[in-house]
Amino acid sequence: MSQYWSPLVSTLSPYVPGEQPKITNLIKLNTNENPYGPSPRAVAAMQAELGDSLRLYPNAESASLRRAVATMHAEHGIREENVFAGNGSDEVLAHAFAALLKHERPLYFPDISYSFYPVYCGLFSIAYEQVPLDEEFGIRLADYAGDAGSGAGAIIFPNPNAPTGRALPLTQIEALLQQRPDIPVIVDEAYVDFGAESAIPLVTHYPNLLVVQTLSKSRSLAGLRVGFAVGDVALIEALTRVKDSFNSYPLDRVAQAGAVAALEDHEWFEQTRQRIIASREALVVGMQALGFEVLPSAANFVFARHPQHDAAQLAARLRERAILVRHFRAPRIDQFLRITVGDEAQCEALLQALTAITQ
Ligand code: PMP
């Protein structure tokens, strides 16, 4: 606290990111980073950008990156005007909260979900309602439509959800969109490439749908900070109006060059994501054999609990063995651990440590 703070600052409850420890040799499975490096073509493109051109401002509209996203989804009628790019999907989400999710009626999102959503609501003074997940920790979209959802002024949810990893089928998302053409619906697809269906093909049919994705996870560029949104031209215009009232150049030259090359390297993307999916499936089998209950995951992490072992203690004992996982001290999920799927050796080391601790 300080007399110099604005009244707003003292009301904020900022997001607490997962630990980024200084110690090396840790097995870091706490922030859903990709264990494989980014595309070598992306690294080369970024290196090529490191020169005299850095004295010039970057392209303010991230035009080549938006074109690259549009090209990937051209078969679904997506054009450059349907794409917005930002400094990580967190920034894209922040602009979307300000541009699209602040209405008289409250924003609806799941009670167990990405913990940044209530933080943005605090920053932008957005009223919100947290809709409980069902008994199996799934999102019940019926609660967002019909009578149950009639109070909503806007809707946001991740697919797959975080930190549960559970995915909704596209048919259910489309059913929601058919019932709620009256309000903005945002699907946060940070983890979609690891096993869920993207809602991008629905964008040209539903002018209230905004889909947000990131290059942090499946493209292994968390350190570069690139995210994007796909939606109707009017929604993109709203985001652009907020961006240009905040920071005209959110993506630097290196990020724009690296992101385009990463999106174009389909082979690297496919190889690394398939390896992560295979490791996840093996990890689930291994953890189940140790007695863990693991929620079905379509993401690059698993969410699991052990009926005989306290989650906070498990996390502490893994830490003693130099393995970091994420534990949330929150209602309903305080007996779960969220564990990022690492490479094959990291998954093996994790299973060995869990065996030693639990058996
Ligand atoms: N959405 C969800 C559901 C996430 O878990 C994350 C990662 N913390 C993000 C968005 C933001 O990712 P980034 O800003 O790295 O694109």
# chains A, B, ... in the order shown; residues from 1 in each chain; ligands from 1

call {"tool": "residues_near_ligand", "arguments": {"ligand": "ligand 1", "cutoff": "6 Å", "atoms": "only C-alpha atoms and all ligand atoms", "output": "PyMOL selection string"}}
result
chain A and resi 88-90+114+158+162+188+190+214+216+222+227

call {"tool": "select_by_dssp", "arguments": {"residues": "region 7-216 of chain A", "states": "helix (DSSP H, G or I)", "output": "PyMOL selection string"}}
result
chain A and resi 7-11+40-48+52-55+63-72+74-76+80-82+88-101+116-124+141-144+170-179+192-194+200-202

call {"tool": "residues_around", "arguments": {"residues": "region 268-281 of chain A", "least_positions_apart": "4", "cutoff": "10 Å", "atoms": "only C-alpha atoms", "output": "MDAnalysis selection string"}}
result
chainID A and resid 34:41 193:195 217:220 262:264 285:286 296:302 340:348

call {"tool": "select_by_dssp", "arguments": {"residues": "region 10-235 of chain A", "states": "strand (DSSP E)", "output": "PyMOL selection string"}}
result
chain A and resi 27-28+83-86+107-110+128-131+154-158+185-188+209-214+227-231

call {"tool": "write_last_selection", "arguments": {"atoms": "N, CA and C atoms", "output": "mmCIF file, in the first residue's frame"}}
result
data_model
loop_
_atom_site.group_PDB
_atom_site.id
_atom_site.type_symbol
_atom_site.label_atom_id
_atom_site.label_comp_id
_atom_site.auth_asym_id
_atom_site.auth_seq_id
_atom_site.Cartn_x
_atom_site.Cartn_y
_atom_site.Cartn_z
ATOM 1 N N ILE A 27 12.919 -31.010 -12.747
ATOM 2 C CA ILE A 27 11.971 -31.480 -13.760
ATOM 3 C C ILE A 27 10.734 -30.610 -13.575
ATOM 4 N N LYS A 28 10.533 -29.726 -14.545
ATOM 5 C CA LYS A 28 9.551 -28.663 -14.360
ATOM 6 C C LYS A 28 8.236 -29.014 -15.038
ATOM 7 N N VAL A 83 -8.758 -12.265 -37.954
ATOM 8 C CA VAL A 83 -7.716 -12.670 -37.004
ATOM 9 C C VAL A 83 -7.160 -11.449 -36.264
ATOM 10 N N PHE A 84 -6.939 -11.616 -34.970
ATOM 11 C CA PHE A 84 -6.315 -10.583 -34.137
ATOM 12 C C PHE A 84 -5.105 -11.230 -33.476
ATOM 13 N N ALA A 85 -3.987 -10.509 -33.369
ATOM 14 C CA ALA A 85 -2.795 -11.084 -32.729
ATOM 15 C C ALA A 85 -2.400 -10.247 -31.523
ATOM 16 N N GLY A 86 -1.905 -10.924 -30.481
ATOM 17 C CA GLY A 86 -1.514 -10.199 -29.277
ATOM 18 C C GLY A 86 -0.300 -10.812 -28.606
ATOM 19 N N LEU A 107 -20.753 -11.764 -16.542
ATOM 20 C CA LEU A 107 -20.041 -12.739 -17.376
ATOM 21 C C LEU A 107 -20.116 -14.104 -16.677
ATOM 22 N N TYR A 108 -20.435 -15.148 -17.426
ATOM 23 C CA TYR A 108 -20.479 -16.500 -16.873
ATOM 24 C C TYR A 108 -19.224 -17.279 -17.285
ATOM 25 N N PHE A 109 -18.580 -17.926 -16.303
ATOM 26 C CA PHE A 109 -17.509 -18.881 -16.625
ATOM 27 C C PHE A 109 -17.483 -19.965 -15.555
ATOM 28 N N PRO A 110 -16.817 -21.103 -15.821
ATOM 29 C CA PRO A 110 -16.861 -22.219 -14.872
ATOM 30 C C PRO A 110 -16.188 -21.872 -13.547
ATOM 31 N N TYR A 128 -19.268 -10.947 -12.484
ATOM 32 C CA TYR A 128 -19.210 -12.309 -13.017
ATOM 33 C C TYR A 128 -19.896 -13.309 -12.109
ATOM 34 N N GLU A 129 -20.216 -14.454 -12.722
ATOM 35 C CA GLU A 129 -20.888 -15.555 -12.042
ATOM 36 C C GLU A 129 -20.092 -16.806 -12.367
ATOM 37 N N GLN A 130 -19.695 -17.564 -11.328
ATOM 38 C CA GLN A 130 -18.940 -18.794 -11.584
ATOM 39 C C GLN A 130 -19.898 -19.980 -11.554
ATOM 40 N N VAL A 131 -20.007 -20.651 -12.680
ATOM 41 C CA VAL A 131 -20.980 -21.736 -12.845
ATOM 42 C C VAL A 131 -20.314 -23.056 -12.460
ATOM 43 N N ALA A 154 -22.455 -12.480 -21.060
ATOM 44 C CA ALA A 154 -21.413 -13.002 -21.953
ATOM 45 C C ALA A 154 -20.921 -14.306 -21.330
ATOM 46 N N ILE A 155 -20.213 -15.100 -22.141
ATOM 47 C CA ILE A 155 -19.744 -16.417 -21.667
ATOM 48 C C ILE A 155 -18.293 -16.606 -22.104
ATOM 49 N N ILE A 156 -17.477 -17.157 -21.194
ATOM 50 C CA ILE A 156 -16.134 -17.605 -21.592
ATOM 51 C C ILE A 156 -15.827 -18.924 -20.902
ATOM 52 N N PHE A 157 -15.209 -19.837 -21.638
ATOM 53 C CA PHE A 157 -14.719 -21.080 -21.031
ATOM 54 C C PHE A 157 -13.560 -21.590 -21.880
ATOM 55 N N PRO A 158 -12.632 -22.320 -21.234
ATOM 56 C CA PRO A 158 -11.556 -22.912 -22.016
ATOM 57 C C PRO A 158 -11.994 -24.285 -22.539
ATOM 58 N N VAL A 185 -19.649 -15.155 -26.981
ATOM 59 C CA VAL A 185 -19.170 -16.426 -26.420
ATOM 60 C C VAL A 185 -17.702 -16.567 -26.813
ATOM 61 N N ILE A 186 -16.824 -16.702 -25.817
ATOM 62 C CA ILE A 186 -15.392 -16.868 -26.108
ATOM 63 C C ILE A 186 -14.970 -18.272 -25.713
ATOM 64 N N VAL A 187 -14.311 -18.962 -26.643
ATOM 65 C CA VAL A 187 -13.740 -20.272 -26.339
ATOM 66 C C VAL A 187 -12.220 -20.105 -26.312
ATOM 67 N N ASP A 188 -11.642 -20.375 -25.152
ATOM 68 C CA ASP A 188 -10.200 -20.222 -24.943
ATOM 69 C C ASP A 188 -9.541 -21.572 -25.230
ATOM 70 N N LEU A 209 -19.102 -15.538 -31.840
ATOM 71 C CA LEU A 209 -18.078 -16.484 -31.352
ATOM 72 C C LEU A 209 -16.671 -15.935 -31.570
ATOM 73 N N LEU A 210 -15.877 -15.916 -30.490
ATOM 74 C CA LEU A 210 -14.452 -15.576 -30.601
ATOM 75 C C LEU A 210 -13.650 -16.763 -30.073
ATOM 76 N N VAL A 211 -12.716 -17.245 -30.877
ATOM 77 C CA VAL A 211 -11.866 -18.363 -30.472
ATOM 78 C C VAL A 211 -10.460 -17.820 -30.220
ATOM 79 N N VAL A 212 -9.887 -18.147 -29.058
ATOM 80 C CA VAL A 212 -8.563 -17.632 -28.700
ATOM 81 C C VAL A 212 -7.579 -18.794 -28.628
ATOM 82 N N GLN A 213 -6.434 -18.635 -29.274
ATOM 83 C CA GLN A 213 -5.394 -19.666 -29.221
ATOM 84 C C GLN A 213 -4.042 -19.037 -28.887
ATOM 85 N N THR A 214 -3.081 -19.907 -28.574
ATOM 86 C CA THR A 214 -1.750 -19.434 -28.190
ATOM 87 C C THR A 214 -0.668 -20.248 -28.896
ATOM 88 N N GLY A 227 -0.162 -14.853 -29.054
ATOM 89 C CA GLY A 227 -1.478 -15.482 -29.062
ATOM 90 C C GLY A 227 -2.323 -14.816 -30.121
ATOM 91 N N PHE A 228 -3.448 -15.428 -30.442
ATOM 92 C CA PHE A 228 -4.320 -14.808 -31.445
ATOM 93 C C PHE A 228 -5.771 -15.180 -31.193
ATOM 94 N N ALA A 229 -6.651 -14.407 -31.823
ATOM 95 C CA ALA A 229 -8.083 -14.693 -31.735
ATOM 96 C C ALA A 229 -8.634 -14.750 -33.149
ATOM 97 N N VAL A 230 -9.670 -15.586 -33.343
ATOM 98 C CA VAL A 230 -10.339 -15.690 -34.636
ATOM 99 C C VAL A 230 -11.827 -15.451 -34.389
ATOM 100 N N GLY A 231 -12.406 -14.548 -35.182
ATOM 101 C CA GLY A 231 -13.822 -14.241 -34.992
ATOM 102 C C GLY A 231 -14.344 -13.360 -36.114
#

call {"tool": "residues_around", "arguments": {"residues": "Leu354 (chain A)", "least_positions_apart": "4", "cutoff": "8 Å", "atoms": "only C-alpha atoms", "output": "PyMOL selection string"}}
result
chain A and resi 290+318+350+358

call {"tool": "write_last_selection", "arguments": {"atoms": "N, CA, C and O atoms", "output": "PDB file, in the first residue's frame"}}
result
ATOM      1  N   LEU A 290      -0.741 -46.842 -10.186  1.00  0.00           N
ATOM      2  CA  LEU A 290      -0.316 -46.494  -8.818  1.00  0.00           C
ATOM      3  C   LEU A 290      -1.502 -46.097  -7.939  1.00  0.00           C
ATOM      4  O   LEU A 290      -1.320 -45.676  -6.797  1.00  0.00           O
ATOM      5  N   LEU A 318       7.379 -34.580  -4.080  1.00  0.00           N
ATOM      6  CA  LEU A 318       7.942 -34.556  -5.438  1.00  0.00           C
ATOM      7  C   LEU A 318       9.004 -33.464  -5.539  1.00  0.00           C
ATOM      8  O   LEU A 318      10.055 -33.645  -6.152  1.00  0.00           O
ATOM      9  N   LEU A 350       9.054 -39.074 -13.283  1.00  0.00           N
ATOM     10  CA  LEU A 350       7.891 -38.738 -12.454  1.00  0.00           C
ATOM     11  C   LEU A 350       7.235 -40.012 -11.929  1.00  0.00           C
ATOM     12  O   LEU A 350       6.923 -40.119 -10.734  1.00  0.00           O
ATOM     13  N   THR A 358       4.375 -43.340  -3.114  1.00  0.00           N
ATOM     14  CA  THR A 358       3.028 -43.873  -2.788  1.00  0.00           C
ATOM     15  C   THR A 358       3.006 -45.361  -2.452  1.00  0.00           C
ATOM     16  O   THR A 358       2.044 -45.834  -1.874  1.00  0.00           O
TER      17      THR A 358
END

call {"tool": "residues_around", "arguments": {"residues": "region 322-335 of chain A", "least_positions_apart": "3", "cutoff": "7 Å", "atoms": "only C-alpha atoms", "output": "PDB file with C-alpha atoms, in the first residue's frame"}}
result
ATOM      1  CA  LEU A  26      14.611 -29.484 -11.916  1.00  0.00           C
ATOM      2  CA  ILE A  27      11.971 -31.480 -13.760  1.00  0.00           C
ATOM      3  CA  LYS A  28       9.551 -28.663 -14.360  1.00  0.00           C
ATOM      4  CA  LEU A  29       6.019 -29.966 -14.792  1.00  0.00           C
ATOM      5  CA  ASN A  30       4.176 -27.023 -13.214  1.00  0.00           C
ATOM      6  CA  ARG A 305      -5.746 -37.285  -7.201  1.00  0.00           C
ATOM      7  CA  ASP A 310      -2.802 -35.697   0.350  1.00  0.00           C
ATOM      8  CA  ALA A 311      -2.110 -33.628  -2.778  1.00  0.00           C
ATOM      9  CA  ALA A 312      -0.139 -30.856  -1.045  1.00  0.00           C
ATOM     10  CA  ALA A 315       3.616 -32.034  -4.328  1.00  0.00           C
ATOM     11  CA  LEU A 318       7.942 -34.556  -5.438  1.00  0.00           C
ATOM     12  CA  ARG A 319       9.677 -31.236  -4.919  1.00  0.00           C
ATOM     13  CA  ARG A 338      -1.958 -30.699 -12.182  1.00  0.00           C
ATOM     14  CA  ILE A 339       1.022 -32.296 -13.877  1.00  0.00           C
TER      15      ILE A 339
END

call {"tool": "residues_around", "arguments": {"residues": "Leu224 (chain A)", "least_positions_apart": "2", "cutoff": "9 Å", "atoms": "only C-alpha atoms", "output": "PyMOL selection string"}}
result
chain A and resi 87-88+215-216+221-222+226+254-255+258-259
